[in-house]
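Notes for the one structure printed next.
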Amino acid sequence: MARGVIRGIKNNGRAFVMFLLGVCTGAAFFLILHAQKLDGLYRERDAIYYANNQKYKEIMKLKEELAELARKGAYQKNYEETIKKIEVEIDSEEPIGPESDIKSKVEEMMKPFIEKPMDWVIKNPDMVALVLKQPVAIDQEQKFQLSVKYLSFFHSTLRIWVQVEEISDEGVSDSPK
Amino acid sequence: MQHEFWATTILDFLIALGVVLGGVILGGLGAFITDEYPMHRMLHLADKLKIWAMVAAIGGTFDTIKAFEVNILGGQLDLAFQQLIFIMSAFIGAHTGTVLVRWMIQGVI
């Protein structure tokens, strides 16, 4: 087969050379006629490659952002969903004597809120106010009226700022006049 | 003698022109095959091939320099001038080729 082809080329060498020259001439004409269009198409293709590359980079960046947000979301779901700790701060213009006692009383009163979803407390802050509405008695003589000033949520900690006012029984008689 | 001079001059001109045009067109085809910008490559080749077209047309720089030396030292200044004319002819041929290619690609001479 190969020998036949080689013999055929040898016998028709001139025709073969003419054929090659024809191919070259045709290619040259093609180039002269269409090179400008080809250049334009190549340029367009490069622009498309560039745009595609930019889009790919953008997609990768957005994917990374999405993964990071998903990670943060999972973290929040795992660790910040419920109240684990309650901290009480007393906010009073005058010095209050048994501050630590009041704090522990308030923490005691707020115990039902532990392990409650944070969202629920955020949506119903009046529940906290309602619980702390009743006066706190440290002993028989001292009673304090509480009012919630601020609530803050940080990770799984609920911090409450409470205004304290001493209730005085002076001048109040038990017997009706 | 004079006939030979003109024949060589025309031959040098056309060889230099052919080297530039042929090189540029086949180089452009090569660029097309290898996925490059054909026009850009052709323009680049036209400038690059100019000097080699001159060298090819006058048959190698060394021979020409040797002929210069022999003619000038031998007192045959007219022959040395002839060599200069051949070089000029080759240069004009190569430059014409470059200008034609530039005109074809950019539309400006």
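By order of appearance in the structure tokens: chains A, B, ..., then residues from 1 within every chain, and ligands from 1 in the order shown.
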
- Task: Identify every residue of chain B that has at least one atom within 7 Å of any atom of chain A, counting only C-alpha atoms, and report the result as a PyMOL selection string.
- Result: chain B and resi 25+29+37-39

- Task: Excluding stretch 83-96 of chain B and any residue of its chain fewer than 6 positions from it, enumerate the residues within 12 Å of it, using only C-alpha atoms, and give them as a PyMOL selection string.
- Result: chain B and resi 4-24+45-61+63-72+76-77+102-103+109

- Item | Nearest candidate to A:Ile83 (options A:Leu158, A:Val131, A:Ala67, A:Met60; using only C-alpha atoms) | A:Leu158

- Query: For the atom pair atom CA of B:Arg41 and atom CA of A:Asn52, what is the interatomic distance in Å to one decimal place?
  - Reply: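 Atom CA of A:Asn52 lies at a distance of 25.5 Å from atom CA of B:Arg41.
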
- In Å, with one decimal, what is the gap from atom CA of A:Ser104 to atom CA of A:Lys123?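 Value for the atom CA of A:Ser104-atom CA of A:Lys123 distance: 25.3 Å.
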